[in-house]
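Novice: Let me give you the structure first, and then I'll get to my questions.
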Amino acid sequence: MTEPGGIKLFLDRSTNGKRFAEAVRRLFPDTVTIGERYGVAAAEGVPDVDWIRDATGEGRICIGSDIRIVSNVLELAAVVECSARFFLFPNGNMRVAEQIARFDGLHDAIVSAAAEPGPWVHKLTAGGLNHTSGEVLVQRLAAARRRAHP
């Protein structure tokens, strides 16, 4: 099992707020936000595929709430091709306090899942982690590419 101190996280635009970042850092000190990495204003223009590649290249696990990351062809391709590991809140409408409580409540499961090689996505649900394997992500990518280029 990976120790919490060895887990490196990257918070995307949807989770890079100060309150959430501070709460996550209490659990996982090696946490970087997209705003810290690229600059707050510049972060808004960094394509998802770029920050996914950069964060994954540093061995970071991505945290976000934009569920489209697993259906948009370019973003899904980046997750698969970079062997990204991703924890996703199931929607972007959760209040920060709810995100913090959920993340804290799933701490042990997050630590356990972090040891798995990517690619994978775990949705952070009220009932626990909902795992989507790399195999399923590859299948989704192939299907999305077929739909985009029939």
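Here's how to read the names in the structure tokens: chain A, B, ... by the order shown, residue numbers from 1 in each chain, ligand numbers from 1 in the order shown.
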How would you write, as a list of chain:residue names, the set of residues in region 9-40 of chain A that DSSP gives as strand (DSSP E or B)?
Specialist: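 Listing strand (DSSP E or B) positions across region 9-40 of chain A yields A:Leu9, A:Phe10, A:Leu11, A:Thr31, A:Val32, A:Thr33.
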Novice: I'd like the neighbourhood of Arg95 (chain A) as a PyMOL selection string, where a residue qualifies if any of its atoms comes within 12 Å (using only C-alpha atoms), though same-chain residues fewer than 2 positions away should be ignored.
Specialist: chain A and resi 14-15+17+19-20+65+89+91-93+97-102
Novice: Would you mind exporting the chosen residues as a compact mmCIF listing (two decimals), in the first residue's frame, restricted to N, CA, C and O atoms?
Specialist:
```txt
# COMPACT_ATOMS: atom_id res chain seq x y z
N SER A 14 -11.37 22.54 -11.69
CA SER A 14 -12.63 22.36 -10.97
C SER A 14 -12.43 22.11 -9.47
O SER A 14 -13.38 22.17 -8.71
N THR A 15 -11.21 21.84 -9.05
CA THR A 15 -10.95 21.55 -7.63
C THR A 15 -9.79 22.35 -7.06
O THR A 15 -9.28 22.03 -6.00
N GLY A 17 -9.64 25.37 -5.82
CA GLY A 17 -9.95 26.44 -4.87
C GLY A 17 -9.13 26.32 -3.60
O GLY A 17 -8.71 25.22 -3.19
N ARG A 19 -9.79 26.63 -0.31
CA ARG A 19 -10.28 25.81 0.82
C ARG A 19 -10.09 24.32 0.56
O ARG A 19 -9.66 23.57 1.44
N PHE A 20 -10.42 23.89 -0.65
CA PHE A 20 -10.28 22.47 -0.96
C PHE A 20 -8.80 22.08 -0.97
O PHE A 20 -8.41 21.06 -0.41
N SER A 65 -13.60 17.38 -11.01
CA SER A 65 -15.05 17.13 -10.95
C SER A 65 -15.69 17.27 -12.33
O SER A 65 -16.91 17.29 -12.43
N PHE A 89 -14.92 13.72 -8.64
CA PHE A 89 -16.22 13.89 -8.00
C PHE A 89 -17.26 13.66 -9.09
O PHE A 89 -17.03 14.02 -10.24
N ASN A 91 -19.93 15.10 -9.94
CA ASN A 91 -20.44 16.27 -10.64
C ASN A 91 -19.79 17.53 -10.10
O ASN A 91 -19.19 17.52 -9.02
N GLY A 92 -19.88 18.59 -10.86
CA GLY A 92 -19.25 19.83 -10.48
C GLY A 92 -20.12 20.72 -9.62
O GLY A 92 -19.75 21.87 -9.36
N ASN A 93 -21.25 20.23 -9.17
CA ASN A 93 -22.18 21.04 -8.40
C ASN A 93 -22.05 20.86 -6.89
O ASN A 93 -22.84 21.44 -6.14
N ALA A 97 -17.52 22.30 0.94
CA ALA A 97 -17.60 21.56 2.21
C ALA A 97 -17.94 20.09 1.96
O ALA A 97 -17.39 19.20 2.63
N GLU A 98 -18.82 19.83 1.00
CA GLU A 98 -19.17 18.45 0.66
C GLU A 98 -17.98 17.73 0.04
O GLU A 98 -17.73 16.55 0.34
N GLN A 99 -17.26 18.41 -0.85
CA GLN A 99 -16.07 17.81 -1.47
C GLN A 99 -15.05 17.44 -0.40
O GLN A 99 -14.49 16.34 -0.42
N ILE A 100 -14.81 18.35 0.52
CA ILE A 100 -13.83 18.12 1.58
C ILE A 100 -14.26 16.93 2.43
O ILE A 100 -13.45 16.04 2.71
N ALA A 101 -15.51 16.91 2.84
CA ALA A 101 -16.01 15.80 3.68
C ALA A 101 -15.91 14.47 2.95
O ALA A 101 -15.49 13.46 3.53
N ARG A 102 -16.26 14.46 1.67
CA ARG A 102 -16.21 13.22 0.91
C ARG A 102 -14.76 12.75 0.75
O ARG A 102 -14.45 11.59 0.94
```
Novice: Using only C-alpha atoms, I'd like a table of the residues in region 9-103 of chain A that come within 6 Å of region 113-131 of chain A; for each, show the closest atom pair and its distance in Å rounded to one decimal, ordered by chain and ascending number, as JSON lines.
Specialist:
```
{"residue": "A:Val80", "atom": "CA", "partner": "A:Pro119", "partner_atom": "CA", "distance": 5.6}
{"residue": "A:Ser83", "atom": "CA", "partner": "A:Pro119", "partner_atom": "CA", "distance": 4.0}
{"residue": "A:Ala84", "atom": "CA", "partner": "A:Pro119", "partner_atom": "CA", "distance": 4.7}
{"residue": "A:Arg85", "atom": "CA", "partner": "A:Gly118", "partner_atom": "CA", "distance": 5.1}
{"residue": "A:Phe86", "atom": "CA", "partner": "A:Val121", "partner_atom": "CA", "distance": 4.7}
{"residue": "A:Phe87", "atom": "CA", "partner": "A:His122", "partner_atom": "CA", "distance": 4.9}
{"residue": "A:Leu88", "atom": "CA", "partner": "A:Lys123", "partner_atom": "CA", "distance": 4.7}
{"residue": "A:Phe89", "atom": "CA", "partner": "A:Leu124", "partner_atom": "CA", "distance": 5.0}
{"residue": "A:Pro90", "atom": "CA", "partner": "A:Lys123", "partner_atom": "CA", "distance": 5.9}
```
Novice: Save the residues we just selected, N, CA and C atoms, as a CSV table (one decimal), in the first residue's frame?
Specialist:
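See part14.csv below for the written result:
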```csv
chain,number,residue,atom,x,y,z
A,80,VAL,N,-5.8,7.8,-21.2
A,80,VAL,CA,-5.3,6.4,-21.6
A,80,VAL,C,-3.9,6.4,-21.9
A,83,SER,N,-1.4,7.0,-19.1
A,83,SER,CA,-1.7,6.1,-18.0
A,83,SER,C,-2.0,6.9,-16.7
A,84,ALA,N,-2.9,7.9,-16.9
A,84,ALA,CA,-3.3,8.8,-15.8
A,84,ALA,C,-4.1,8.0,-14.8
A,85,ARG,N,-4.0,8.5,-13.6
A,85,ARG,CA,-4.8,8.1,-12.5
A,85,ARG,C,-5.6,9.3,-12.1
A,86,PHE,N,-6.9,9.1,-11.9
A,86,PHE,CA,-7.8,10.2,-11.8
A,86,PHE,C,-8.9,9.9,-10.7
A,87,PHE,N,-9.0,10.7,-9.7
A,87,PHE,CA,-10.1,10.7,-8.8
A,87,PHE,C,-11.1,11.8,-9.2
A,88,LEU,N,-12.3,11.5,-9.5
A,88,LEU,CA,-13.3,12.4,-9.9
A,88,LEU,C,-14.5,12.5,-9.0
A,89,PHE,N,-14.9,13.7,-8.6
A,89,PHE,CA,-16.2,13.9,-8.0
A,89,PHE,C,-17.3,13.7,-9.1
A,90,PRO,N,-18.4,13.1,-8.8
A,90,PRO,CA,-19.4,12.7,-9.8
A,90,PRO,C,-20.0,13.9,-10.5
```
Novice: Which residue out of A:Leu27, A:Ala148, A:Leu141, A:Val40 has the minimum interatomic distance to Ser71 (chain A) when only C-alpha atoms are used?
Specialist: A:Leu141
Novice: Rank nothing, just name the residue among A:Ile110, A:Val70, A:Ile52, A:Val96 nearest to Cys82 (chain A), using only C-alpha atoms.
Specialist: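 Among the listed residues, A:Ile52 lies closest to Cys82 (chain A).
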Novice: Using only C-alpha atoms, which of the listed residues (A:Ala21, A:Val111, A:Leu11, A:Leu137) sits closest to Arg37 (chain A)?
Specialist: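 Closest to Arg37 (chain A) of all the choices is A:Leu11.
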Novice: For each of A:Val136, A:Ala23, A:Val32, A:Met94, take the minimum atom-to-atom distance to Ala55 (chain A), counting only C-alpha atoms, then give the residue where this is smallest.
Specialist: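 Selected residue with least distance to Ala55 (chain A): A:Val32.
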Novice: I'd like the neighbourhood of Asp48 (chain A) as a PyMOL selection string, where a residue qualifies if any of its atoms comes within 12 Å (using only C-alpha atoms), though same-chain residues fewer than 5 positions away should be ignored.
Specialist: chain A and resi 11-14+34+43+53-56+62+64+66+68-70+72-79
Novice: In Å to one decimal, how far is CA of Ile67 (chain A) from CA of Glu22 (chain A)?
Specialist: 22.8 Å
